[in-house]
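Here is the file coords15.tsv (TSV, C-alpha atoms).
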chain	number	residue	atom	x	y	z
A	840	MET	CA	272.18	92.70	161.78
A	841	GLY	CA	270.17	94.26	158.96
A	842	ASN	CA	269.95	90.88	157.19
A	843	LEU	CA	268.82	89.23	160.43
A	844	ALA	CA	266.08	91.84	160.96
A	845	SER	CA	264.84	91.50	157.43
A	846	ARG	CA	264.67	87.70	157.85
A	847	PHE	CA	262.17	88.19	160.68
A	848	LEU	CA	260.33	91.20	159.23
A	849	ARG	CA	259.47	89.68	155.87
A	850	PRO	CA	257.47	86.73	157.27
A	851	ALA	CA	255.80	89.05	159.79
A	852	LEU	CA	254.77	91.48	157.07
A	853	GLY	CA	253.51	88.58	154.94
A	854	LEU	CA	251.44	87.32	157.86
A	855	LEU	CA	249.95	90.78	158.41
A	856	MET	CA	249.03	91.07	154.74
A	857	LEU	CA	247.42	87.62	154.81
A	858	LEU	CA	245.41	88.50	157.92
A	859	GLY	CA	244.33	91.77	156.31
A	860	SER	CA	243.22	89.89	153.22
A	861	LEU	CA	241.30	87.38	155.32
A	862	GLU	CA	239.67	90.19	157.30
A	863	THR	CA	238.51	91.84	154.07
A	864	THR	CA	237.11	88.52	152.82
A	865	VAL	CA	235.24	87.85	156.07
A	866	ALA	CA	233.86	91.40	156.20
A	867	ALA	CA	232.38	91.29	152.69
A	868	PRO	CA	228.57	90.87	152.98
A	869	PRO	CA	227.04	87.81	151.30
A	870	THR	CA	225.32	88.41	147.96
A	871	TYR	CA	221.81	87.20	147.18
A	872	SER	CA	219.97	87.44	143.86
A	873	VAL	CA	216.57	89.11	143.57
A	874	ALA	CA	214.24	88.63	140.58
A	875	ILE	CA	211.33	91.06	140.13
A	876	VAL	CA	208.34	90.06	138.01
A	877	PRO	CA	208.75	92.10	134.79
A	878	GLN	CA	205.41	93.91	134.72
A	879	PHE	CA	207.33	96.90	133.33
A	880	SER	CA	210.53	97.48	131.36
A	881	ALA	CA	213.88	96.48	132.87
A	882	GLN	CA	214.90	100.14	132.98
A	883	GLN	CA	211.81	101.12	134.99
A	884	ILE	CA	212.15	98.16	137.37
A	885	HIS	CA	215.82	98.99	137.98
A	886	ALA	CA	215.04	102.64	138.67
A	887	GLU	CA	212.23	101.78	141.08
A	888	TRP	CA	213.83	98.86	142.92
A	889	GLN	CA	217.60	99.34	143.00
A	890	PRO	CA	217.64	102.19	145.58
A	891	LEU	CA	215.27	100.24	147.85
A	892	LEU	CA	217.25	97.00	147.60
A	893	LYS	CA	220.48	98.89	148.30
A	894	ARG	CA	219.04	100.43	151.46
A	895	VAL	CA	217.43	97.19	152.63
A	896	GLY	CA	220.63	95.25	151.93
A	897	ASP	CA	222.74	97.74	153.87
A	898	GLU	CA	220.33	97.49	156.81
A	899	ALA	CA	220.32	93.68	156.68
A	900	GLY	CA	224.07	93.28	156.15
A	901	VAL	CA	223.75	91.65	152.72
A	902	THR	CA	224.11	92.62	149.06
A	903	LEU	CA	220.86	92.23	147.09
A	904	GLU	CA	221.70	91.89	143.40
A	905	MET	CA	218.91	92.33	140.88
A	906	GLN	CA	218.23	89.90	138.06
A	907	PHE	CA	216.21	90.93	135.02
A	908	PRO	CA	214.12	88.12	133.47
A	909	SER	CA	213.22	88.94	129.88
A	910	SER	CA	209.51	88.20	130.36
A	911	ILE	CA	206.98	87.01	132.92
A	912	PRO	CA	207.21	83.40	131.61
A	913	ALA	CA	211.04	83.60	131.90
A	914	PHE	CA	210.63	84.84	135.48
A	915	GLU	CA	208.32	81.89	136.23
A	916	SER	CA	210.73	79.38	134.70
A	917	ALA	CA	213.57	80.82	136.79
A	918	PHE	CA	211.83	80.56	140.15
A	919	GLN	CA	210.42	77.13	139.34
A	920	ARG	CA	214.03	76.01	138.89
A	921	GLY	CA	214.86	77.73	142.19
A	922	GLU	CA	217.44	80.06	140.66
A	923	PRO	CA	216.74	83.42	142.38
A	924	ASP	CA	217.35	83.66	146.13
A	925	PHE	CA	214.52	86.18	146.46
A	926	ILE	CA	211.56	86.82	144.18
A	927	PHE	CA	208.92	89.52	144.01
A	928	GLY	CA	205.97	88.07	142.13
A	929	ASN	CA	202.21	88.11	142.01
A	930	PRO	CA	199.98	86.29	144.51
A	931	TYR	CA	199.66	83.14	142.41
A	932	HIS	CA	203.40	83.13	141.82
A	933	ALA	CA	203.62	82.70	145.60
A	934	VAL	CA	201.51	79.54	145.24
A	935	MET	CA	203.53	78.23	142.29
A	936	ALA	CA	206.88	79.00	143.94
A	937	ARG	CA	205.82	77.38	147.21
A	938	ARG	CA	204.74	74.18	145.48
A	939	LYS	CA	207.82	73.84	143.33
A	940	GLN	CA	210.65	75.14	145.51
A	941	GLY	CA	209.23	76.03	148.93
A	942	TYR	CA	209.71	79.81	148.63
A	943	ILE	CA	208.70	81.61	151.84
A	944	PRO	CA	206.74	84.91	151.61
A	945	LEU	CA	208.35	87.60	153.79
A	946	VAL	CA	206.64	90.94	153.21
A	947	ARG	CA	203.78	92.35	151.15
A	948	ASP	CA	201.80	95.56	150.93
A	949	ALA	CA	198.83	95.90	153.28
A	950	LYS	CA	196.48	96.93	150.44
A	951	LEU	CA	194.69	94.12	148.62
A	952	LEU	CA	195.36	93.56	144.91
A	953	THR	CA	192.35	93.85	142.59
A	954	GLY	CA	192.29	92.77	138.96
A	955	ILE	CA	190.53	95.15	136.59
A	956	LEU	CA	189.21	95.00	133.04
A	957	VAL	CA	189.41	98.35	131.24
A	958	VAL	CA	187.86	99.73	128.06
A	959	ALA	CA	188.21	103.06	126.30
A	960	ARG	CA	185.87	105.55	128.01
A	961	ASP	CA	184.50	106.81	124.67
A	962	GLY	CA	184.78	103.44	122.93
A	963	PRO	CA	182.04	101.20	121.52
A	964	VAL	CA	182.01	98.72	124.43
A	965	SER	CA	180.21	99.59	127.67
A	966	SER	CA	179.22	96.18	129.05
A	967	LEU	CA	180.68	92.69	129.42
A	968	LYS	CA	178.20	91.33	126.88
A	969	GLY	CA	179.67	93.70	124.32
A	970	LEU	CA	183.01	91.88	124.64
A	971	ALA	CA	181.70	88.50	123.51
A	972	GLY	CA	183.97	87.07	120.82
A	973	HIS	CA	186.41	90.00	121.02
A	974	LYS	CA	190.17	89.87	121.43
A	975	ILE	CA	191.18	91.06	124.91
A	976	ALA	CA	194.70	92.15	125.84
A	977	PHE	CA	196.42	90.69	128.89
A	978	PRO	CA	200.01	91.26	130.04
A	979	ALA	CA	200.85	87.53	130.34
A	980	PRO	CA	198.91	84.28	130.87
A	981	ASN	CA	199.81	83.96	134.56
A	982	ALA	CA	199.64	87.61	135.65
A	983	PHE	CA	197.30	86.95	138.57
A	984	GLY	CA	194.72	89.73	138.85
A	985	ALA	CA	195.25	91.11	135.36
A	986	SER	CA	194.94	87.78	133.54
A	987	LEU	CA	194.80	84.44	135.36
A	988	TYR	CA	192.01	85.21	137.85
A	989	MET	CA	190.35	87.60	135.42
A	990	ARG	CA	190.12	85.03	132.60
A	991	ALA	CA	188.77	82.39	135.00
A	992	LEU	CA	186.02	84.74	136.20
A	993	LEU	CA	185.09	85.96	132.72
A	994	ILE	CA	184.87	82.44	131.33
A	995	GLU	CA	183.35	80.54	134.27
A	996	LYS	CA	181.34	83.11	136.22
A	997	GLU	CA	180.35	85.52	133.43
A	998	GLN	CA	180.11	82.84	130.70
A	999	LEU	CA	181.96	85.13	128.30
A	1000	ARG	CA	183.68	83.76	125.21
A	1001	ILE	CA	186.88	85.75	124.63
A	1002	GLU	CA	190.13	85.49	122.70
A	1003	PRO	CA	193.09	86.37	124.96
A	1004	VAL	CA	196.16	88.06	123.45
A	1005	TYR	CA	199.28	88.50	125.60
A	1006	VAL	CA	201.16	91.79	125.13
A	1007	LYS	CA	203.87	91.38	127.84
A	1008	THR	CA	203.35	94.38	130.16
A	1009	HIS	CA	200.54	96.26	131.88
A	1010	GLY	CA	201.64	99.44	130.12
A	1011	ASN	CA	201.20	97.78	126.75
A	1012	VAL	CA	197.69	96.68	127.72
A	1013	TYR	CA	196.55	100.18	128.64
A	1014	ARG	CA	198.17	101.81	125.61
A	1015	GLN	CA	196.75	99.31	123.12
A	1016	VAL	CA	193.24	99.61	124.52
A	1017	LEU	CA	193.52	103.39	124.25
A	1018	VAL	CA	194.54	103.32	120.58
A	1019	GLY	CA	191.81	100.83	119.72
A	1020	ASP	CA	193.91	97.73	119.03
A	1021	PHE	CA	191.80	95.82	121.57
A	1022	ALA	CA	188.27	96.25	122.88
A	1023	ALA	CA	189.41	95.68	126.46
A	1024	GLY	CA	192.44	94.78	128.54
A	1025	GLY	CA	193.35	93.35	131.91
A	1026	GLY	CA	195.34	95.20	134.55
A	1027	VAL	CA	195.40	95.70	138.32
A	1028	ASN	CA	194.41	98.57	140.58
A	1029	GLN	CA	198.04	99.44	141.40
A	1030	THR	CA	199.30	99.79	137.83
A	1031	PHE	CA	196.13	101.61	136.76
A	1032	ALA	CA	196.64	104.16	139.55
A	1033	ASP	CA	200.23	104.68	138.31
A	1034	LEU	CA	199.07	105.88	134.89
A	1035	PRO	CA	199.31	109.58	134.05
A	1036	ALA	CA	195.95	111.23	134.73
A	1037	ALA	CA	195.55	112.12	131.05
A	1038	MET	CA	195.76	108.41	130.15
A	1039	ARG	CA	193.76	107.10	133.09
A	1040	ASP	CA	190.88	109.51	132.44
A	1041	LYS	CA	190.42	108.04	128.95
A	1042	LEU	CA	189.95	104.52	130.32
A	1043	GLN	CA	187.01	103.06	132.19
A	1044	VAL	CA	187.05	100.10	134.59
A	1045	LEU	CA	184.37	97.69	133.37
A	1046	TYR	CA	184.92	94.77	135.76
A	1047	GLU	CA	186.90	93.95	138.92
A	1048	THR	CA	188.02	90.76	140.60
A	1049	PRO	CA	187.68	90.18	144.35
A	1050	GLY	CA	190.70	91.45	146.29
A	1051	ALA	CA	193.64	89.22	147.19
A	1052	ALA	CA	196.81	89.64	149.24
A	1053	SER	CA	199.27	91.62	147.14
A	1054	HIS	CA	202.63	90.67	145.62
A	1055	PRO	CA	205.04	89.25	148.20
A	1056	LEU	CA	208.80	89.35	148.44
A	1057	ALA	CA	209.62	85.67	149.01
A	1058	ALA	CA	212.85	83.85	149.85
A	1059	HIS	CA	214.09	80.47	148.71
A	1060	PRO	CA	214.43	78.14	151.73
A	1061	ARG	CA	218.19	77.92	151.14
A	1062	VAL	CA	218.48	81.53	152.32
A	1063	PRO	CA	219.43	81.26	156.01
A	1064	GLU	CA	216.63	82.03	158.47
A	1065	GLY	CA	218.70	84.82	160.05
A	1066	VAL	CA	219.07	86.54	156.67
A	1067	ARG	CA	215.35	86.18	155.98
A	1068	LYS	CA	214.52	87.79	159.32
A	1069	ARG	CA	216.96	90.66	158.80
A	1070	VAL	CA	215.69	91.36	155.28
A	1071	THR	CA	212.08	91.31	156.51
A	1072	ALA	CA	212.90	93.67	159.38
A	1073	ALA	CA	214.81	95.99	157.03
A	1074	PHE	CA	211.85	96.19	154.63
A	1075	LEU	CA	209.42	96.96	157.43
A	1076	LYS	CA	211.81	99.55	158.87
A	1077	GLN	CA	211.73	101.57	155.64
A	1078	ALA	CA	208.24	102.80	156.51
A	1079	GLY	CA	209.72	104.65	159.48
A	1080	ASP	CA	211.30	107.62	157.64
A	1081	GLU	CA	210.54	109.81	154.66
A	1082	GLN	CA	213.29	108.45	152.41
A	1083	GLY	CA	212.23	104.88	153.08
A	1084	LYS	CA	208.57	105.72	152.47
A	1085	ALA	CA	209.45	107.26	149.09
A	1086	LEU	CA	211.44	104.16	148.08
A	1087	LEU	CA	208.62	101.83	149.14
A	1088	LYS	CA	206.10	103.89	147.18
A	1089	ASP	CA	208.23	103.66	144.04
A	1090	ALA	CA	208.34	99.85	144.38
A	1091	ARG	CA	204.55	99.73	145.04
A	1092	ILE	CA	204.87	98.52	148.63
A	1093	PRO	CA	203.85	101.75	150.38
A	1094	SER	CA	202.54	100.02	153.52
A	1095	PRO	CA	204.66	96.90	154.08
A	1096	VAL	CA	203.46	94.18	156.46
A	1097	ALA	CA	204.85	90.75	157.29
A	1098	ALA	CA	203.48	88.06	154.96
A	1099	ASP	CA	202.24	84.62	155.94
A	1100	TYR	CA	201.67	81.92	153.32
A	1101	ALA	CA	198.82	80.05	155.03
A	1102	ARG	CA	196.89	83.24	155.77
A	1103	ASP	CA	197.64	85.29	152.64
A	1104	TYR	CA	198.18	82.89	149.74
A	1105	GLY	CA	196.99	79.44	150.84
A	1106	PRO	CA	193.34	80.40	150.11
A	1107	LEU	CA	194.23	80.98	146.44
A	1108	GLU	CA	194.83	77.25	146.06
A	1109	LYS	CA	191.05	76.78	146.36
A	1110	LEU	CA	190.31	78.92	143.30
A	1111	ARG	CA	191.24	76.06	140.96
A	1112	LEU	CA	193.18	78.30	138.61
A	1113	ASP	CA	195.73	75.72	137.51
A	1114	LYS	CA	193.79	74.89	134.34
A	1115	TYR	CA	194.33	78.49	133.21
A	1116	LEU	CA	198.08	78.45	133.82
A	1117	VAL	CA	200.33	78.56	130.75
A	1118	LEU	CA	203.83	77.34	131.57
A	1119	GLU	CA	206.96	77.34	129.43
A	1120	GLU	CA	208.91	74.10	129.36

Once more with this new file: its structure as structure tokens, please.
Amino acid sequence: MGNLASRFLRPALGLLMLLGSLETTVAAPPTYSVAIVPQFSAQQIHAEWQPLLKRVGDEAGVTLEMQFPSSIPAFESAFQRGEPDFIFGNPYHAVMARRKQGYIPLVRDAKLLTGILVVARDGPVSSLKGLAGHKIAFPAPNAFGASLYMRALLIEKEQLRIEPVYVKTHGNVYRQVLVGDFAAGGGVNQTFADLPAAMRDKLQVLYETPGAASHPLAAHPRVPEGVRKRVTAAFLKQAGDEQGKALLKDARIPSPVAADYARDYGPLEKLRLDKYLVLEE
């Protein structure tokens, strides 16, 4: 009798284990990659973004796994190949990513992005004319407000002859202008506001670009529409409680709104900035 019972129990137990395994597999949330434009160090980006992505992913029923491109050009190469599922890049990255892979902007901050050109407050340069022929620091060739749009305006509108030098991050720009390595440097209003007051007070904004829709979180079209909608809703929902507001502030999206390509980023196509793009092969 015992042998007979065991003959029936073993297959039944095996079936239960298999069903349990299948249930675990089905219940596991899908994982999507997220690449953040490396305006800052990987450590800083991880600290600022990981808690937000964890909370948004939990709300949306997905796992959002961060990728860390080594540089802004590496980030651009990655999204032009369509590798990340989601990207957070500058306004012109939205244009580039749309053209190449069809990325869809989901959310952005309500505040417009403004490019700024800074000089040392007590330095020798106090006007644009004083920068003629000087080396100017920029984070990367295609950083929109801090470099791409700024260089186009300085060269075409202001008729200023400059020598751009790319120093990788906004922080490097501000620090190197402060210590006198460069007469001026390009940044944006958001990163300038993030500086410690002691640093910011020693810099002076000499020139600003017109405002543009800020950095969007965008999704590759292969991401299912339902996932895109849930991620968008989860981002917007974060503004509804204190913890979410703090996380959004850390990631520089303090007032998230739904993004729309035609309204927010389509107009940038008319600026004819492509001749100032520098792309890695």

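Note that the spacing between CA of Lys996 (chain A) and CA of Leu951 (chain A) amounts to 21.3 Å.
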
If I wrap all listed atoms of region 999-1009 of chain A in a box with edges along x, y and z and add 4 Å on each side, what are its centre and edge lengths in Å to one decimal, as JSON?
{"center_x": 192.9, "center_y": 90.0, "center_z": 127.3, "size_x": 29.9, "size_y": 20.5, "size_z": 17.2}

For a quick check of understanding, using all atoms listed in the file, which of A:Arg1067, A:Gln889, A:Arg894, A:Arg1061 has the smallest distance to Gln1082 (chain A)?
A:Arg894

Once you count all atoms listed in the file, what closest atom pair and distance in Å to one decimal does each residue of region 954-1000 of chain A within 8 Å of region 1044-1059 of chain A have, with rows by chain and rising residue number, as CSV?
residue,atom,partner,partner_atom,distance
A:Gly954,CA,A:Thr1048,CA,5.0
A:Ile955,CA,A:Glu1047,CA,4.5
A:Leu956,CA,A:Tyr1046,CA,5.1
A:Val957,CA,A:Val1044,CA,4.5
A:Val958,CA,A:Val1044,CA,6.6
A:Ser965,CA,A:Leu1045,CA,7.3
A:Ser966,CA,A:Leu1045,CA,6.9
A:Leu967,CA,A:Leu1045,CA,7.4
A:Gly984,CA,A:Thr1048,CA,7.0
A:Tyr988,CA,A:Thr1048,CA,7.4
A:Met989,CA,A:Thr1048,CA,6.5
A:Leu992,CA,A:Thr1048,CA,7.7

Residue nearest Gln883 (chain A) among A:Ala1090, A:Phe1021, A:Pro978, A:Phe925 (counting all atoms listed in the file):
A:Ala1090

Pick from A:Leu999, A:Leu952, A:Val1004, A:Ala985: nearest to Lys968 (chain A), with only C-alpha atoms counted?
A:Leu999

Between CA of Thr1071 (chain A) and CA of Ala1097 (chain A), what is the spacing in Å?
7.3 Å

May I have the protein, DNA and RNA residues with an atom at most 9 Å from (214.6, 98.2, 152.6), counting only C-alpha atoms in the file's coordinates, returned as an mmCIF file with C-alpha atoms, keeping the file's coordinate frame?
data_model
loop_
_atom_site.group_PDB
_atom_site.id
_atom_site.type_symbol
_atom_site.label_atom_id
_atom_site.label_comp_id
_atom_site.auth_asym_id
_atom_site.auth_seq_id
_atom_site.Cartn_x
_atom_site.Cartn_y
_atom_site.Cartn_z
ATOM 1 C CA PRO A 890 217.640 102.190 145.580
ATOM 2 C CA LEU A 891 215.270 100.240 147.850
ATOM 3 C CA LEU A 892 217.250 97.000 147.600
ATOM 4 C CA LYS A 893 220.480 98.890 148.300
ATOM 5 C CA ARG A 894 219.040 100.430 151.460
ATOM 6 C CA VAL A 895 217.430 97.190 152.630
ATOM 7 C CA GLY A 896 220.630 95.250 151.930
ATOM 8 C CA ASP A 897 222.740 97.740 153.870
ATOM 9 C CA GLU A 898 220.330 97.490 156.810
ATOM 10 C CA ALA A 899 220.320 93.680 156.680
ATOM 11 C CA VAL A 1070 215.690 91.360 155.280
ATOM 12 C CA THR A 1071 212.080 91.310 156.510
ATOM 13 C CA ALA A 1072 212.900 93.670 159.380
ATOM 14 C CA ALA A 1073 214.810 95.990 157.030
ATOM 15 C CA PHE A 1074 211.850 96.190 154.630
ATOM 16 C CA LEU A 1075 209.420 96.960 157.430
ATOM 17 C CA LYS A 1076 211.810 99.550 158.870
ATOM 18 C CA GLN A 1077 211.730 101.570 155.640
ATOM 19 C CA ALA A 1078 208.240 102.800 156.510
ATOM 20 C CA GLY A 1083 212.230 104.880 153.080
ATOM 21 C CA LEU A 1086 211.440 104.160 148.080
ATOM 22 C CA LEU A 1087 208.620 101.830 149.140
#

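Interatomic distance, CA of Lys1114 (chain A) against CA of Leu987 (chain A): 9.7 Å.
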
Surrounding residues of Leu1118 (chain A) excluding itself and chain neighbours under 6 positions, 10 Å, all atoms listed in the file, as a PyMOL selection string:
chain A and resi 912-913+915-916+980-981

Long-range neighbours of Ala933 (chain A) as a ChimeraX atom specification, 9 Å cut-off, all atoms listed in the file, 4 positions minimum in chain
/A:927-929,937-938,942-944,1054-1057,1100,1104

Between A:Tyr931, A:Leu945, A:Glu887, A:Gly1105, smallest distance to Glu1064 (chain A) by all atoms listed in the file belongs to A:Leu945

Residues within 9 Å of Asn1011 (chain A), please, as a PyMOL selection string. Count all atoms listed in the file; anything in the same chain fewer than 5 positions from it doesn't count.
chain A and resi 976-978+1006+1016

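Distances to Leu1116 (chain A) were evaluated for A:Val873, A:Val934, A:Phe918, A:Asp948 using only C-alpha atoms, and the minimum falls at A:Val934.
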
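With only C-alpha atoms as the atoms that count, the residue of A:Pro877, A:Pro1003, A:Gly900, A:Pro1106 with the shortest distance to Pro930 (chain A) is A:Pro1106.
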
Complete region 976-987 of chain A at the level of all heavy atoms, written as a PDB file, in the coordinates of the input.
ATOM      1  N   ALA A 976     193.266  92.104 125.540  1.00  0.00           N
ATOM      2  CA  ALA A 976     194.700  92.150 125.840  1.00  0.00           C
ATOM      3  C   ALA A 976     194.958  91.844 127.312  1.00  0.00           C
ATOM      4  O   ALA A 976     194.261  92.347 128.195  1.00  0.00           O
ATOM      5  CB  ALA A 976     195.251  93.540 125.503  1.00  0.00           C
ATOM      6  N   PHE A 977     195.963  90.999 127.543  1.00  0.00           N
ATOM      7  CA  PHE A 977     196.420  90.690 128.890  1.00  0.00           C
ATOM      8  C   PHE A 977     197.943  90.783 128.895  1.00  0.00           C
ATOM      9  O   PHE A 977     198.590  90.525 127.879  1.00  0.00           O
ATOM     10  CB  PHE A 977     195.996  89.290 129.317  1.00  0.00           C
ATOM     11  CG  PHE A 977     194.514  89.078 129.360  1.00  0.00           C
ATOM     12  CD1 PHE A 977     193.851  88.455 128.312  1.00  0.00           C
ATOM     13  CD2 PHE A 977     193.772  89.506 130.445  1.00  0.00           C
ATOM     14  CE1 PHE A 977     192.481  88.261 128.346  1.00  0.00           C
ATOM     15  CE2 PHE A 977     192.389  89.316 130.495  1.00  0.00           C
ATOM     16  CZ  PHE A 977     191.744  88.689 129.442  1.00  0.00           C
ATOM     17  N   PRO A 978     198.545  91.146 130.036  1.00  0.00           N
ATOM     18  CA  PRO A 978     200.010  91.260 130.040  1.00  0.00           C
ATOM     19  C   PRO A 978     200.709  89.922 129.812  1.00  0.00           C
ATOM     20  O   PRO A 978     201.662  89.840 129.054  1.00  0.00           O
ATOM     21  CB  PRO A 978     200.329  91.833 131.429  1.00  0.00           C
ATOM     22  CG  PRO A 978     199.079  91.700 132.225  1.00  0.00           C
ATOM     23  CD  PRO A 978     197.940  91.589 131.292  1.00  0.00           C
ATOM     24  N   ALA A 979     200.250  88.858 130.479  1.00  0.00           N
ATOM     25  CA  ALA A 979     200.850  87.530 130.340  1.00  0.00           C
ATOM     26  C   ALA A 979     199.827  86.522 130.858  1.00  0.00           C
ATOM     27  O   ALA A 979     198.929  86.875 131.637  1.00  0.00           O
ATOM     28  CB  ALA A 979     202.152  87.423 131.146  1.00  0.00           C
ATOM     29  N   PRO A 980     199.923  85.260 130.451  1.00  0.00           N
ATOM     30  CA  PRO A 980     198.910  84.280 130.870  1.00  0.00           C
ATOM     31  C   PRO A 980     198.746  84.184 132.382  1.00  0.00           C
ATOM     32  O   PRO A 980     197.626  84.050 132.879  1.00  0.00           O
ATOM     33  CB  PRO A 980     199.432  82.965 130.284  1.00  0.00           C
ATOM     34  CG  PRO A 980     200.309  83.355 129.150  1.00  0.00           C
ATOM     35  CD  PRO A 980     200.926  84.664 129.546  1.00  0.00           C
ATOM     36  N   ASN A 981     199.863  84.247 133.129  1.00  0.00           N
ATOM     37  CA  ASN A 981     199.810  83.960 134.560  1.00  0.00           C
ATOM     38  C   ASN A 981     199.892  85.200 135.438  1.00  0.00           C
ATOM     39  O   ASN A 981     200.086  85.087 136.651  1.00  0.00           O
ATOM     40  CB  ASN A 981     200.918  82.972 134.935  1.00  0.00           C
ATOM     41  CG  ASN A 981     200.846  81.715 134.092  1.00  0.00           C
ATOM     42  OD1 ASN A 981     199.782  81.311 133.656  1.00  0.00           O
ATOM     43  ND2 ASN A 981     201.990  81.111 133.842  1.00  0.00           N
ATOM     44  N   ALA A 982     199.763  86.395 134.843  1.00  0.00           N
ATOM     45  CA  ALA A 982     199.640  87.610 135.650  1.00  0.00           C
ATOM     46  C   ALA A 982     198.344  87.466 136.443  1.00  0.00           C
ATOM     47  O   ALA A 982     197.269  87.337 135.861  1.00  0.00           O
ATOM     48  CB  ALA A 982     199.610  88.838 134.751  1.00  0.00           C
ATOM     49  N   PHE A 983     198.417  87.443 137.761  1.00  0.00           N
ATOM     50  CA  PHE A 983     197.300  86.950 138.570  1.00  0.00           C
ATOM     51  C   PHE A 983     196.003  87.744 138.392  1.00  0.00           C
ATOM     52  O   PHE A 983     195.044  87.268 137.791  1.00  0.00           O
ATOM     53  CB  PHE A 983     197.695  86.923 140.054  1.00  0.00           C
ATOM     54  CG  PHE A 983     196.564  86.535 140.968  1.00  0.00           C
ATOM     55  CD1 PHE A 983     196.063  85.248 140.939  1.00  0.00           C
ATOM     56  CD2 PHE A 983     195.986  87.457 141.817  1.00  0.00           C
ATOM     57  CE1 PHE A 983     194.998  84.880 141.757  1.00  0.00           C
ATOM     58  CE2 PHE A 983     194.929  87.110 142.642  1.00  0.00           C
ATOM     59  CZ  PHE A 983     194.439  85.817 142.613  1.00  0.00           C
ATOM     60  N   GLY A 984     195.949  88.959 138.926  1.00  0.00           N
ATOM     61  CA  GLY A 984     194.720  89.730 138.850  1.00  0.00           C
ATOM     62  C   GLY A 984     194.395  90.203 137.449  1.00  0.00           C
ATOM     63  O   GLY A 984     193.232  90.253 137.038  1.00  0.00           O
ATOM     64  N   ALA A 985     195.430  90.537 136.706  1.00  0.00           N
ATOM     65  CA  ALA A 985     195.250  91.110 135.360  1.00  0.00           C
ATOM     66  C   ALA A 985     194.869  90.064 134.318  1.00  0.00           C
ATOM     67  O   ALA A 985     194.323  90.414 133.279  1.00  0.00           O
ATOM     68  CB  ALA A 985     196.528  91.807 134.928  1.00  0.00           C
ATOM     69  N   SER A 986     195.150  88.779 134.585  1.00  0.00           N
ATOM     70  CA  SER A 986     194.940  87.780 133.540  1.00  0.00           C
ATOM     71  C   SER A 986     194.403  86.453 134.059  1.00  0.00           C
ATOM     72  O   SER A 986     193.315  86.025 133.700  1.00  0.00           O
ATOM     73  CB  SER A 986     196.257  87.557 132.781  1.00  0.00           C
ATOM     74  OG  SER A 986     196.117  86.575 131.787  1.00  0.00           O
ATOM     75  N   LEU A 987     195.146  85.802 134.933  1.00  0.00           N
ATOM     76  CA  LEU A 987     194.800  84.440 135.360  1.00  0.00           C
ATOM     77  C   LEU A 987     193.435  84.395 136.050  1.00  0.00           C
ATOM     78  O   LEU A 987     192.525  83.682 135.621  1.00  0.00           O
ATOM     79  CB  LEU A 987     195.891  83.923 136.298  1.00  0.00           C
ATOM     80  CG  LEU A 987     195.780  82.463 136.744  1.00  0.00           C
ATOM     81  CD1 LEU A 987     195.974  81.522 135.571  1.00  0.00           C
ATOM     82  CD2 LEU A 987     196.821  82.161 137.830  1.00  0.00           C
TER      83      LEU A 987
END
